[in-house]
Amino acid sequence: MLRLKLALAMSLLAAPALAAPLNIATDATFPPFESIDASGKLVGYDIELMEAVCKAAALECNIANAAWDGMIPGLIDGKYDALISQLTVTDKRRRVIAFSDIYSHPTFRFVAKKGAGLDISPEGLAGKTIAVQTGTPMDAYVTAHYPQSTIKRYDTGSAPYLELTGGRADVHISYQAQVVHSFLKSDAGKDYELVGTELTGADAPEFGEGVAIAIGKRNSELVEKVNEGLAKIREDGTLDALNKKYFEQ
Amino acid sequence: MFADFASTILAAGALTLLLALGALALSSVLGLALAYGRLSRRRWLVRLIQCFNFVIRGIPDLVLMLLVFYSLPAAINQFLEWSGSGLWVEFSPFWAGMVTLGVIFSAYMSETFKSGLQNIPRGQIEAAQAYGLHPWRIFWRITLPQLARLALPGFTNNWLVMVKATALVSLLGLQDVMFRAKGAAEATGQPFTYYLVAGGFYLAVTLASTFGLLSLARRLEQTNHAGRT
Amino acid sequence: MNWDVVIENLGLYAEGTWLTIRLSVVSLATAFLLALPLAFLRNSRSQTLRWSVIAYTTVFRGTPLMVQLFLVYFGLAQFELLRSTILWPWLSSPLFCALLVFVLNSAAYTTEIFAGGLRAIPKGEIEAAQAYGFTPLRAAWRIFIPGMLSRTLPVYGNEMIMLMHATSLASTVTLMEITGVARNITLNYYIQLEPYVAAAIIYLTLSAVLVVAVQLAERRFAGFLRPGR
């Protein structure tokens with residue numbers, strides 16, 4: 001109780017301090033949502049979205065690349081103010097961090113070599129190797145449902161593709177938009193195809209409810225501001241323009 | 001495209017070198033202090049430093065870095081939270097990397113400096129003290145020049161190991177040479193090419209350092225002999 | 001404090017420790033066997049042989065282990081040609097790649113250490129062996145190798161510990177040794193203090209065991225080299 005009072009007192013005193021730029025982290029290994037281009041700059045859908053939200057909510061934001069390892073713990077500890085990285089809202093995460101309103105409902109899909117004829121049921125992939133990024137909803141899903149397959153986990157979003165093309169993994173599962181727009185459209189991905197059905201949160205709880213911006217649990221003021229910003233860019237068409245730019249829909 | 005990625009990778013070389021030089025400075029200063037501590041007559045100090053050395057040299061560099069970057073702020077923040085203040089601490093990957101490397105290599109430097117200090121004839125120090133020279137003056141004019149010459153091989157070795165250890169900081173998210181190479185490798189699907197570029201950078205630095213420090217060693221030997229005649 | 005998470009996962013830590021031990025022992029043994037002949041070649045009278053070995057040790061000691069590991073594991077997979085050879089089943093395994101890199105890396109350092117040890121053998125012993133008509137092989141087995149081993153034991157003991165620490169990098173290529181287990185726990189349970197501290201404690205224990213083993217070996221085999229009582 002005393003801590004709460006102290007925190008409230010501090011937040012009143014710190015009101016002007018909110019003017020200090022927010023530390024926002026992203027795991028920039030996930031094109032086209034967030035990645036680093038040839039000159040070392042942060043680019044991507046999520047980057048532009050966050051900048052738009054910050055502008056709409058009159059917040060000063062500083063988006064930086066961070067190691068995926070430390071992002072959610074860093075948010076919990078207060079190292080970061082927010083995370084934007086196609087973070088899925090799951091019950092497990094809700095227990096430790098807060099989320100803004102959901103801004104996207106992704107589908108998940110397996111990708112494998114053309115003509116591999118893979119059946120993506122747990123029996124079909126028994127004995128095969130599935131590559132995923134550690135600590136993601138895809139990781140949780142395959143860990144829970146594919147006990148007979150070998151699961152290889154990587155700490156970045158793009159390493160699994162390297163393993164797929166290198167022949168070390170038979171199949172990879174990720175966000176469908178990411179697979180299609182960054183891998184299948186590239187040179188490396190021309191011999192690969194999507195397999196199996198589209199999967200969403202409706203198919204398995206591990207896939208969560210949708211994608212949102214993660215914010216520290218004690219920062220309810222920031223959650224409100226971010227939601228305001230999101231609502232504004234939805235109204236004024238910025239979000240639609242962004243979707244069109246990246247996904248031609 | 002290769003040129004773009006390659007130049008981005010090598011541009012991060014400045015950051016890597018800055019990190020390494022910062023860690024070198026920190027480890028040298030701390031290592032010298034630890035070396036004097038090891039040679040002190042106070043047993044508790046000697047034991048304490050031996051403990052420190054054991055812990056530092058008993059844990060892999062990577063794990064120490066993860067501890068400093070992730071666990072230390074977490075522990076401090078947990079404590080601060082429990083004590084009711086609204087403060088937070090956070091370390092950037094650069095500072096966490098530099099401090100960790102500085103502390104790790106101070107343990108190795110202390111060994112190097114300790115054996116160097118032990119090889120300086122005590123008679124010189126005693127004579128200087130008999131003349132009433134200030135301890136700082138003794139250090140600057142008598143100890144340091146000889147220590148530099150005696151400790152140079154060990155110092156060089158530690159520097160080379162440290163330069164290579166900076167690659168680990170990329171795992172904390174610092175956008176150094178290794179991090180940029182990883183990004184390029186994954187973006188283009190050509191890991192061999194870009195890791196080769198990164199390897200070339202480190203090899204160039206270690207070769208240049210080795211030759212530079214070798215010629216420095218030669219020069220110091222010459223002045224030493226000149227002093228004797 | 002979330003130590004319950006660590007307790008829950010003690011089984012994983014145990015498996016990780018076992019993998020670390022296996023990686024260390026196999027790499028050390030193989031690197032040792034590789035470095036023995038290379039040490040002799042390093043001191044060979046033939047310029048070509050000598051410089052070939054120097055080129056090898058320079059490259060592997062002049063670049064970070066992480067770069068070497070990524071080059072072999074991620075880099076080699078880039079080449080379609082390589083993927084269709086019989087080498088591929090070996091090279092596609094992260095365990096094999098990690099072992100290969102650890103062996104090549106450690107052997108480079110060990111070769112230099114052993115070569116230095118060989119050069120330190122008193123000429124008198126070598127001449128005595130020649131006077132007795134020892135064949136080169138016999139001389140190597142009875143005089144050179146024991147002499148070299150007893151002289152390099154402290155430095156080589158250090159290299160053994162360094163190799164054990166280096167296995168922590170295997171976590172970057174999907175191997176679940178101690179560090180890999182710790183990182184996995186932080187990613188799935190969102191805690192940062194306890195997993196790494198537990199890993200550090202395990203490494204400290206392993207290092208302590210190694211240090212004691214090396215000191216015992218020094219006393220047993222290199223006793224004659226100690227400064228007089």
# chains A, B, ... in the order shown; residues from 1 in each chain; ligands from 1
call {"tool": "interface_residues", "arguments": {"of": "chain B", "to": "chain A", "cutoff": "9 Å", "atoms": "only C-alpha atoms", "output": "VMD selection string"}}
result
chain B and resid 1 to 2 4 to 9 70 73 to 74 77 to 78 81 to 86 88 to 91 170 to 175 180 183 to 191
call {"tool": "residues_around", "arguments": {"residues": "region 154-161 of chain B", "least_positions_apart": "5", "cutoff": "9 Å", "atoms": "only C-alpha atoms", "output": "number ranges by chain"}}
result
B: 20-21, 24, 28, 105, 108-109, 111-113, 148, 166, 205-206, 209-210, 213-214; C: 61-62, 64
call {"tool": "select_by_dssp", "arguments": {"residues": "region 58-223 of chain C", "states": "helix (DSSP H, G or I)", "output": "ChimeraX atom specification"}}
result
/C:58-62,65-78,80-83,88-91,94-119,123-131,136-173,178-189,194-221,223
call {"tool": "select_by_dssp", "arguments": {"residues": "region 37-227 of chain A", "states": "strand (DSSP E or B)", "output": "PDB file with N, CA, C and O atoms, in the first residue's frame"}}
result
ATOM      1  N   LEU A  42      16.824   1.078 -38.960  1.00  0.00           N
ATOM      2  CA  LEU A  42      15.631   0.306 -38.603  1.00  0.00           C
ATOM      3  C   LEU A  42      14.508   0.631 -39.574  1.00  0.00           C
ATOM      4  O   LEU A  42      14.153   1.785 -39.749  1.00  0.00           O
ATOM      5  N   VAL A  43      13.962  -0.417 -40.212  1.00  0.00           N
ATOM      6  CA  VAL A  43      12.844  -0.174 -41.131  1.00  0.00           C
ATOM      7  C   VAL A  43      11.772  -1.231 -40.899  1.00  0.00           C
ATOM      8  O   VAL A  43      12.031  -2.271 -40.319  1.00  0.00           O
ATOM      9  N   CYS A  61       9.172   9.264 -28.963  1.00  0.00           N
ATOM     10  CA  CYS A  61       9.564   7.865 -28.898  1.00  0.00           C
ATOM     11  C   CYS A  61      10.934   7.630 -29.496  1.00  0.00           C
ATOM     12  O   CYS A  61      11.297   8.220 -30.502  1.00  0.00           O
ATOM     13  N   ASN A  62      11.668   6.735 -28.876  1.00  0.00           N
ATOM     14  CA  ASN A  62      12.972   6.365 -29.390  1.00  0.00           C
ATOM     15  C   ASN A  62      12.972   4.856 -29.587  1.00  0.00           C
ATOM     16  O   ASN A  62      13.016   4.095 -28.629  1.00  0.00           O
ATOM     17  N   ILE A  63      12.866   4.444 -30.844  1.00  0.00           N
ATOM     18  CA  ILE A  63      12.779   3.005 -31.113  1.00  0.00           C
ATOM     19  C   ILE A  63      14.170   2.471 -31.374  1.00  0.00           C
ATOM     20  O   ILE A  63      14.915   3.001 -32.196  1.00  0.00           O
ATOM     21  N   ALA A  64      14.543   1.427 -30.644  1.00  0.00           N
ATOM     22  CA  ALA A  64      15.881   0.860 -30.814  1.00  0.00           C
ATOM     23  C   ALA A  64      15.804  -0.643 -30.934  1.00  0.00           C
ATOM     24  O   ALA A  64      14.865  -1.271 -30.451  1.00  0.00           O
ATOM     25  N   ASN A  65      16.796  -1.195 -31.562  1.00  0.00           N
ATOM     26  CA  ASN A  65      16.877  -2.640 -31.705  1.00  0.00           C
ATOM     27  C   ASN A  65      17.400  -3.246 -30.409  1.00  0.00           C
ATOM     28  O   ASN A  65      18.250  -2.666 -29.746  1.00  0.00           O
ATOM     29  N   ALA A  82       8.125   0.338 -23.740  1.00  0.00           N
ATOM     30  CA  ALA A  82       7.170  -0.386 -24.578  1.00  0.00           C
ATOM     31  C   ALA A  82       7.934  -1.269 -25.546  1.00  0.00           C
ATOM     32  O   ALA A  82       9.133  -1.077 -25.781  1.00  0.00           O
ATOM     33  N   LEU A  83       7.231  -2.267 -26.095  1.00  0.00           N
ATOM     34  CA  LEU A  83       7.835  -3.128 -27.097  1.00  0.00           C
ATOM     35  C   LEU A  83       6.930  -3.168 -28.306  1.00  0.00           C
ATOM     36  O   LEU A  83       5.711  -3.310 -28.172  1.00  0.00           O
ATOM     37  N   ILE A  84       7.517  -3.026 -29.477  1.00  0.00           N
ATOM     38  CA  ILE A  84       6.740  -3.264 -30.687  1.00  0.00           C
ATOM     39  C   ILE A  84       7.492  -4.263 -31.542  1.00  0.00           C
ATOM     40  O   ILE A  84       8.594  -3.987 -32.008  1.00  0.00           O
ATOM     41  N   SER A  85       6.909  -5.452 -31.675  1.00  0.00           N
ATOM     42  CA  SER A  85       7.646  -6.491 -32.391  1.00  0.00           C
ATOM     43  C   SER A  85       6.722  -7.616 -32.794  1.00  0.00           C
ATOM     44  O   SER A  85       7.054  -8.780 -32.633  1.00  0.00           O
ATOM     45  N   GLN A  86       5.547  -7.266 -33.317  1.00  0.00           N
ATOM     46  CA  GLN A  86       4.553  -8.291 -33.643  1.00  0.00           C
ATOM     47  C   GLN A  86       4.349  -9.214 -32.445  1.00  0.00           C
ATOM     48  O   GLN A  86       4.346 -10.438 -32.570  1.00  0.00           O
ATOM     49  N   LEU A  87       4.161  -8.594 -31.268  1.00  0.00           N
ATOM     50  CA  LEU A  87       3.997  -9.398 -30.062  1.00  0.00           C
ATOM     51  C   LEU A  87       2.569  -9.866 -29.916  1.00  0.00           C
ATOM     52  O   LEU A  87       1.639  -9.068 -29.867  1.00  0.00           O
ATOM     53  N   THR A  88       2.424 -11.176 -29.827  1.00  0.00           N
ATOM     54  CA  THR A  88       1.091 -11.741 -29.685  1.00  0.00           C
ATOM     55  C   THR A  88       0.620 -11.615 -28.250  1.00  0.00           C
ATOM     56  O   THR A  88       1.398 -11.812 -27.314  1.00  0.00           O
ATOM     57  N   ALA A  98       1.431  -5.575 -19.742  1.00  0.00           N
ATOM     58  CA  ALA A  98       0.163  -5.044 -20.240  1.00  0.00           C
ATOM     59  C   ALA A  98       0.257  -4.865 -21.750  1.00  0.00           C
ATOM     60  O   ALA A  98       1.347  -4.784 -22.308  1.00  0.00           O
ATOM     61  N   PHE A  99      -0.898  -4.849 -22.396  1.00  0.00           N
ATOM     62  CA  PHE A  99      -0.908  -4.663 -23.846  1.00  0.00           C
ATOM     63  C   PHE A  99      -1.823  -3.510 -24.231  1.00  0.00           C
ATOM     64  O   PHE A  99      -2.795  -3.214 -23.532  1.00  0.00           O
ATOM     65  N   SER A 104      -3.744  -5.972 -34.974  1.00  0.00           N
ATOM     66  CA  SER A 104      -3.669  -6.869 -36.126  1.00  0.00           C
ATOM     67  C   SER A 104      -3.975  -8.283 -35.668  1.00  0.00           C
ATOM     68  O   SER A 104      -3.711  -8.659 -34.529  1.00  0.00           O
ATOM     69  N   PHE A 108      -0.936 -17.892 -38.869  1.00  0.00           N
ATOM     70  CA  PHE A 108       0.342 -18.585 -38.822  1.00  0.00           C
ATOM     71  C   PHE A 108       0.322 -19.718 -39.831  1.00  0.00           C
ATOM     72  O   PHE A 108      -0.709 -20.329 -40.070  1.00  0.00           O
ATOM     73  N   ARG A 109       1.470 -20.008 -40.384  1.00  0.00           N
ATOM     74  CA  ARG A 109       1.512 -21.014 -41.443  1.00  0.00           C
ATOM     75  C   ARG A 109       2.863 -21.691 -41.434  1.00  0.00           C
ATOM     76  O   ARG A 109       3.889 -21.076 -41.158  1.00  0.00           O
ATOM     77  N   PHE A 110       2.849 -22.975 -41.820  1.00  0.00           N
ATOM     78  CA  PHE A 110       4.106 -23.693 -41.980  1.00  0.00           C
ATOM     79  C   PHE A 110       4.657 -23.407 -43.378  1.00  0.00           C
ATOM     80  O   PHE A 110       3.913 -23.178 -44.324  1.00  0.00           O
ATOM     81  N   VAL A 111       5.972 -23.441 -43.493  1.00  0.00           N
ATOM     82  CA  VAL A 111       6.574 -23.286 -44.823  1.00  0.00           C
ATOM     83  C   VAL A 111       7.615 -24.386 -45.008  1.00  0.00           C
ATOM     84  O   VAL A 111       8.327 -24.751 -44.080  1.00  0.00           O
ATOM     85  N   ALA A 112       7.633 -24.969 -46.198  1.00  0.00           N
ATOM     86  CA  ALA A 112       8.571 -26.068 -46.458  1.00  0.00           C
ATOM     87  C   ALA A 112       8.961 -26.041 -47.930  1.00  0.00           C
ATOM     88  O   ALA A 112       8.425 -25.263 -48.715  1.00  0.00           O
ATOM     89  N   LYS A 113       9.878 -26.909 -48.292  1.00  0.00           N
ATOM     90  CA  LYS A 113      10.338 -26.960 -49.670  1.00  0.00           C
ATOM     91  C   LYS A 113       9.206 -27.435 -50.573  1.00  0.00           C
ATOM     92  O   LYS A 113       8.402 -28.255 -50.193  1.00  0.00           O
ATOM     93  N   THR A 129      12.249 -32.240 -38.498  1.00  0.00           N
ATOM     94  CA  THR A 129      12.790 -31.117 -37.740  1.00  0.00           C
ATOM     95  C   THR A 129      12.004 -29.846 -38.020  1.00  0.00           C
ATOM     96  O   THR A 129      11.821 -29.468 -39.176  1.00  0.00           O
ATOM     97  N   ILE A 130      11.540 -29.213 -36.939  1.00  0.00           N
ATOM     98  CA  ILE A 130      10.787 -27.964 -37.081  1.00  0.00           C
ATOM     99  C   ILE A 130      11.644 -26.838 -36.508  1.00  0.00           C
ATOM    100  O   ILE A 130      12.123 -26.935 -35.381  1.00  0.00           O
ATOM    101  N   ALA A 131      11.826 -25.779 -37.275  1.00  0.00           N
ATOM    102  CA  ALA A 131      12.599 -24.636 -36.799  1.00  0.00           C
ATOM    103  C   ALA A 131      11.650 -23.527 -36.357  1.00  0.00           C
ATOM    104  O   ALA A 131      10.666 -23.246 -37.028  1.00  0.00           O
ATOM    105  N   VAL A 132      11.945 -22.916 -35.189  1.00  0.00           N
ATOM    106  CA  VAL A 132      11.121 -21.805 -34.708  1.00  0.00           C
ATOM    107  C   VAL A 132      12.012 -20.807 -33.982  1.00  0.00           C
ATOM    108  O   VAL A 132      13.134 -21.129 -33.608  1.00  0.00           O
ATOM    109  N   GLN A 133      11.481 -19.603 -33.735  1.00  0.00           N
ATOM    110  CA  GLN A 133      12.199 -18.657 -32.908  1.00  0.00           C
ATOM    111  C   GLN A 133      11.801 -18.920 -31.454  1.00  0.00           C
ATOM    112  O   GLN A 133      10.612 -19.061 -31.146  1.00  0.00           O
ATOM    113  N   THR A 150      11.616 -33.138 -33.855  1.00  0.00           N
ATOM    114  CA  THR A 150      12.770 -32.446 -33.292  1.00  0.00           C
ATOM    115  C   THR A 150      12.537 -30.953 -33.468  1.00  0.00           C
ATOM    116  O   THR A 150      12.339 -30.487 -34.583  1.00  0.00           O
ATOM    117  N   ILE A 151      12.549 -30.205 -32.364  1.00  0.00           N
ATOM    118  CA  ILE A 151      12.305 -28.771 -32.476  1.00  0.00           C
ATOM    119  C   ILE A 151      13.626 -28.029 -32.256  1.00  0.00           C
ATOM    120  O   ILE A 151      14.298 -28.239 -31.263  1.00  0.00           O
ATOM    121  N   LYS A 152      13.982 -27.192 -33.228  1.00  0.00           N
ATOM    122  CA  LYS A 152      15.203 -26.407 -33.086  1.00  0.00           C
ATOM    123  C   LYS A 152      14.822 -24.952 -32.910  1.00  0.00           C
ATOM    124  O   LYS A 152      14.055 -24.411 -33.693  1.00  0.00           O
ATOM    125  N   ARG A 153      15.402 -24.331 -31.876  1.00  0.00           N
ATOM    126  CA  ARG A 153      15.008 -22.974 -31.534  1.00  0.00           C
ATOM    127  C   ARG A 153      16.146 -22.008 -31.768  1.00  0.00           C
ATOM    128  O   ARG A 153      17.291 -22.272 -31.443  1.00  0.00           O
ATOM    129  N   TYR A 154      15.832 -20.836 -32.313  1.00  0.00           N
ATOM    130  CA  TYR A 154      16.840 -19.843 -32.635  1.00  0.00           C
ATOM    131  C   TYR A 154      16.480 -18.530 -31.983  1.00  0.00           C
ATOM    132  O   TYR A 154      15.320 -18.238 -31.768  1.00  0.00           O
ATOM    133  N   VAL A 171      10.879 -27.944 -41.849  1.00  0.00           N
ATOM    134  CA  VAL A 171       9.744 -27.035 -41.920  1.00  0.00           C
ATOM    135  C   VAL A 171       9.908 -25.929 -40.893  1.00  0.00           C
ATOM    136  O   VAL A 171      10.624 -26.090 -39.900  1.00  0.00           O
ATOM    137  N   HIS A 172       9.311 -24.788 -41.181  1.00  0.00           N
ATOM    138  CA  HIS A 172       9.386 -23.657 -40.246  1.00  0.00           C
ATOM    139  C   HIS A 172       7.983 -23.114 -40.109  1.00  0.00           C
ATOM    140  O   HIS A 172       7.203 -23.163 -41.061  1.00  0.00           O
ATOM    141  N   ILE A 173       7.635 -22.620 -38.940  1.00  0.00           N
ATOM    142  CA  ILE A 173       6.316 -22.001 -38.799  1.00  0.00           C
ATOM    143  C   ILE A 173       6.481 -20.591 -38.285  1.00  0.00           C
ATOM    144  O   ILE A 173       7.231 -20.347 -37.346  1.00  0.00           O
ATOM    145  N   SER A 174       5.789 -19.673 -38.947  1.00  0.00           N
ATOM    146  CA  SER A 174       5.880 -18.271 -38.544  1.00  0.00           C
ATOM    147  C   SER A 174       4.618 -17.536 -38.965  1.00  0.00           C
ATOM    148  O   SER A 174       3.666 -18.149 -39.448  1.00  0.00           O
ATOM    149  N   TYR A 175       4.637 -16.220 -38.788  1.00  0.00           N
ATOM    150  CA  TYR A 175       3.490 -15.410 -39.205  1.00  0.00           C
ATOM    151  C   TYR A 175       3.376 -15.490 -40.725  1.00  0.00           C
ATOM    152  O   TYR A 175       4.358 -15.267 -41.430  1.00  0.00           O
ATOM    153  N   TYR A 192      10.278 -22.634 -52.158  1.00  0.00           N
ATOM    154  CA  TYR A 192       9.530 -23.012 -50.971  1.00  0.00           C
ATOM    155  C   TYR A 192       8.082 -22.591 -51.090  1.00  0.00           C
ATOM    156  O   TYR A 192       7.736 -21.717 -51.875  1.00  0.00           O
ATOM    157  N   GLU A 193       7.244 -23.244 -50.338  1.00  0.00           N
ATOM    158  CA  GLU A 193       5.821 -22.930 -50.416  1.00  0.00           C
ATOM    159  C   GLU A 193       5.176 -23.088 -49.045  1.00  0.00           C
ATOM    160  O   GLU A 193       5.704 -23.759 -48.154  1.00  0.00           O
ATOM    161  N   LEU A 194       4.007 -22.451 -48.919  1.00  0.00           N
ATOM    162  CA  LEU A 194       3.236 -22.597 -47.695  1.00  0.00           C
ATOM    163  C   LEU A 194       2.580 -23.967 -47.689  1.00  0.00           C
ATOM    164  O   LEU A 194       2.136 -24.459 -48.719  1.00  0.00           O
ATOM    165  N   VAL A 195       2.551 -24.594 -46.538  1.00  0.00           N
ATOM    166  CA  VAL A 195       1.890 -25.898 -46.451  1.00  0.00           C
ATOM    167  C   VAL A 195       0.869 -25.876 -45.329  1.00  0.00           C
ATOM    168  O   VAL A 195       0.982 -25.117 -44.374  1.00  0.00           O
ATOM    169  N   GLY A 196      -0.086 -26.729 -45.462  1.00  0.00           N
ATOM    170  CA  GLY A 196      -1.065 -26.869 -44.394  1.00  0.00           C
ATOM    171  C   GLY A 196      -2.053 -25.727 -44.356  1.00  0.00           C
ATOM    172  O   GLY A 196      -2.024 -24.824 -45.184  1.00  0.00           O
ATOM    173  N   THR A 197      -2.914 -25.758 -43.356  1.00  0.00           N
ATOM    174  CA  THR A 197      -3.951 -24.740 -43.265  1.00  0.00           C
ATOM    175  C   THR A 197      -3.446 -23.519 -42.522  1.00  0.00           C
ATOM    176  O   THR A 197      -2.416 -23.559 -41.854  1.00  0.00           O
ATOM    177  N   GLU A 198      -4.220 -22.433 -42.640  1.00  0.00           N
ATOM    178  CA  GLU A 198      -3.918 -21.232 -41.878  1.00  0.00           C
ATOM    179  C   GLU A 198      -4.319 -21.484 -40.426  1.00  0.00           C
ATOM    180  O   GLU A 198      -5.380 -22.029 -40.159  1.00  0.00           O
ATOM    181  N   LEU A 199      -3.464 -21.056 -39.520  1.00  0.00           N
ATOM    182  CA  LEU A 199      -3.761 -21.267 -38.099  1.00  0.00           C
ATOM    183  C   LEU A 199      -3.899 -19.922 -37.408  1.00  0.00           C
ATOM    184  O   LEU A 199      -3.165 -18.985 -37.699  1.00  0.00           O
ATOM    185  N   VAL A 211      -2.124  -9.224 -32.272  1.00  0.00           N
ATOM    186  CA  VAL A 211      -0.847  -8.551 -32.043  1.00  0.00           C
ATOM    187  C   VAL A 211      -1.077  -7.153 -31.480  1.00  0.00           C
ATOM    188  O   VAL A 211      -1.958  -6.422 -31.936  1.00  0.00           O
ATOM    189  N   ALA A 212      -0.289  -6.792 -30.454  1.00  0.00           N
ATOM    190  CA  ALA A 212      -0.450  -5.468 -29.855  1.00  0.00           C
ATOM    191  C   ALA A 212       0.904  -4.940 -29.402  1.00  0.00           C
ATOM    192  O   ALA A 212       1.915  -5.629 -29.507  1.00  0.00           O
ATOM    193  N   ILE A 213       0.877  -3.696 -28.919  1.00  0.00           N
ATOM    194  CA  ILE A 213       2.095  -3.095 -28.387  1.00  0.00           C
ATOM    195  C   ILE A 213       2.168  -3.446 -26.906  1.00  0.00           C
ATOM    196  O   ILE A 213       1.198  -3.276 -26.170  1.00  0.00           O
ATOM    197  N   ALA A 214       3.297  -3.943 -26.461  1.00  0.00           N
ATOM    198  CA  ALA A 214       3.440  -4.344 -25.062  1.00  0.00           C
ATOM    199  C   ALA A 214       3.939  -3.168 -24.237  1.00  0.00           C
ATOM    200  O   ALA A 214       4.824  -2.420 -24.665  1.00  0.00           O
ATOM    201  N   ILE A 215       3.343  -3.019 -23.062  1.00  0.00           N
ATOM    202  CA  ILE A 215       3.713  -1.892 -22.200  1.00  0.00           C
ATOM    203  C   ILE A 215       3.859  -2.406 -20.774  1.00  0.00           C
ATOM    204  O   ILE A 215       3.165  -3.347 -20.375  1.00  0.00           O
TER     205      ILE A 215
END
call {"tool": "interface_residues", "arguments": {"of": "chain C", "to": "chain B", "cutoff": "8 Å", "atoms": "only C-alpha atoms", "output": "VMD selection string"}}
result
chain C and resid 59 62 to 68 70 to 71 74 to 76 78 162 165 to 166 168 to 169 179 192 to 194 196 to 197 199 to 200 203 to 204 207 to 208
call {"tool": "residues_around", "arguments": {"residues": "Gly167 (chain A)", "least_positions_apart": "5", "cutoff": "9 Å", "atoms": "only C-alpha atoms", "output": "MDAnalysis selection string"}}
result
(chainID A and resid 162) or (chainID C and resid 77 83 92)
call {"tool": "interface_residues", "arguments": {"of": "chain C", "to": "chain A", "cutoff": "12 Å", "atoms": "only C-alpha atoms", "output": "ChimeraX atom specification"}}
result
/C:70,73-84,88-94,171-176,180-193
call {"tool": "residues_around", "arguments": {"residues": "Leu222 (chain A)", "least_positions_apart": "5", "cutoff": "10 Å", "atoms": "only C-alpha atoms", "output": "list in words"}}
result
Leu18, Leu22, Ala57, Leu59, Asp81, Ala82, Ser100, Ile215, Gly216, Lys217, Asn227 and Glu228 of chain A
call {"tool": "residues_around", "arguments": {"residues": "Ala31 (chain C)", "least_positions_apart": "3", "cutoff": "6 Å", "atoms": "only C-alpha atoms", "output": "list in words"}}
result
Ser27, Leu28, Leu34, Ala35, Val103, Ser106 and Ala107 of chain C
call {"tool": "write_last_selection", "arguments": {"atoms": "all heavy atoms", "output": "tab-separated table (two decimals), in the first residue's frame"}}
result
chain	number	residue	atom	x	y	z
C	27	SER	N	36.46	-32.42	-27.16
C	27	SER	CA	37.24	-31.40	-27.85
C	27	SER	C	38.67	-31.36	-27.34
C	27	SER	O	39.62	-31.28	-28.13
C	27	SER	CB	36.62	-30.02	-27.67
C	27	SER	OG	35.27	-30.05	-27.98
C	28	LEU	N	38.82	-31.39	-26.01
C	28	LEU	CA	40.15	-31.33	-25.42
C	28	LEU	C	41.03	-32.48	-25.88
C	28	LEU	O	42.17	-32.30	-26.30
C	28	LEU	CB	40.06	-31.36	-23.90
C	28	LEU	CG	40.18	-30.00	-23.23
C	28	LEU	CD1	39.78	-30.11	-21.79
C	28	LEU	CD2	41.60	-29.49	-23.35
C	34	LEU	N	45.77	-33.66	-31.89
C	34	LEU	CA	46.08	-32.91	-33.10
C	34	LEU	C	47.29	-32.01	-32.88
C	34	LEU	O	48.14	-31.86	-33.76
C	34	LEU	CB	44.86	-32.08	-33.50
C	34	LEU	CG	44.90	-31.37	-34.84
C	34	LEU	CD1	45.09	-32.36	-35.97
C	34	LEU	CD2	43.61	-30.59	-35.07
C	35	ALA	N	47.38	-31.42	-31.69
C	35	ALA	CA	48.43	-30.43	-31.43
C	35	ALA	C	49.81	-31.06	-31.27
C	35	ALA	O	50.82	-30.42	-31.54
C	35	ALA	CB	48.08	-29.62	-30.20
C	103	VAL	N	37.67	-28.01	-31.59
C	103	VAL	CA	38.92	-28.74	-31.78
C	103	VAL	C	39.93	-27.89	-32.54
C	103	VAL	O	41.07	-27.71	-32.11
C	103	VAL	CB	38.69	-30.07	-32.53
C	103	VAL	CG1	39.99	-30.66	-33.02
C	103	VAL	CG2	37.98	-31.06	-31.62
C	106	SER	N	41.02	-24.86	-30.29
C	106	SER	CA	41.87	-25.22	-29.16
C	106	SER	C	43.21	-25.76	-29.63
C	106	SER	O	44.25	-25.48	-29.02
C	106	SER	CB	41.15	-26.26	-28.30
C	106	SER	OG	41.94	-26.58	-27.20
C	107	ALA	N	43.19	-26.55	-30.72
C	107	ALA	CA	44.44	-27.12	-31.22
C	107	ALA	C	45.40	-26.01	-31.63
C	107	ALA	O	46.62	-26.14	-31.47
C	107	ALA	CB	44.17	-28.05	-32.39
call {"tool": "residues_around", "arguments": {"residues": "Thr57 (chain C)", "least_positions_apart": "5", "cutoff": "10 Å", "atoms": "only C-alpha atoms", "output": "list in words"}}
result
Leu38, Arg42, Trp51, Ser52, Gly62, Leu104, Asn105, Ser106, Ala107, Ala108, Tyr109, Thr110, Thr111 and Glu112 of chain C
call {"tool": "closest_residue", "arguments": {"among": "B:Val177, B:Leu152, B:Leu80, B:Ala11", "to": "Leu216 (chain B)", "atoms": "only C-alpha atoms"}}
result
B:Leu152
call {"tool": "residues_around", "arguments": {"residues": "Leu210 (chain C)", "least_positions_apart": "3", "cutoff": "12 Å", "atoms": "only C-alpha atoms", "output": "list in words"}}
result
Arg57 and Gly58 of chain B; Ile21, Ser24, Val25, Pro154, Tyr156, Gly157, Asn158, Glu159, Met160, Ile161, Met162, Leu163, Met164, His165, Tyr203, Leu204, Thr205, Leu206, Ser207, Ala213, Val214, Gln215, Leu216 and Ala217 of chain C
call {"tool": "atom_distance", "arguments": {"atom1": "CA of Ile102 (chain A)", "atom2": "CA of Ala58 (chain A)"}}
result
20.0 Å
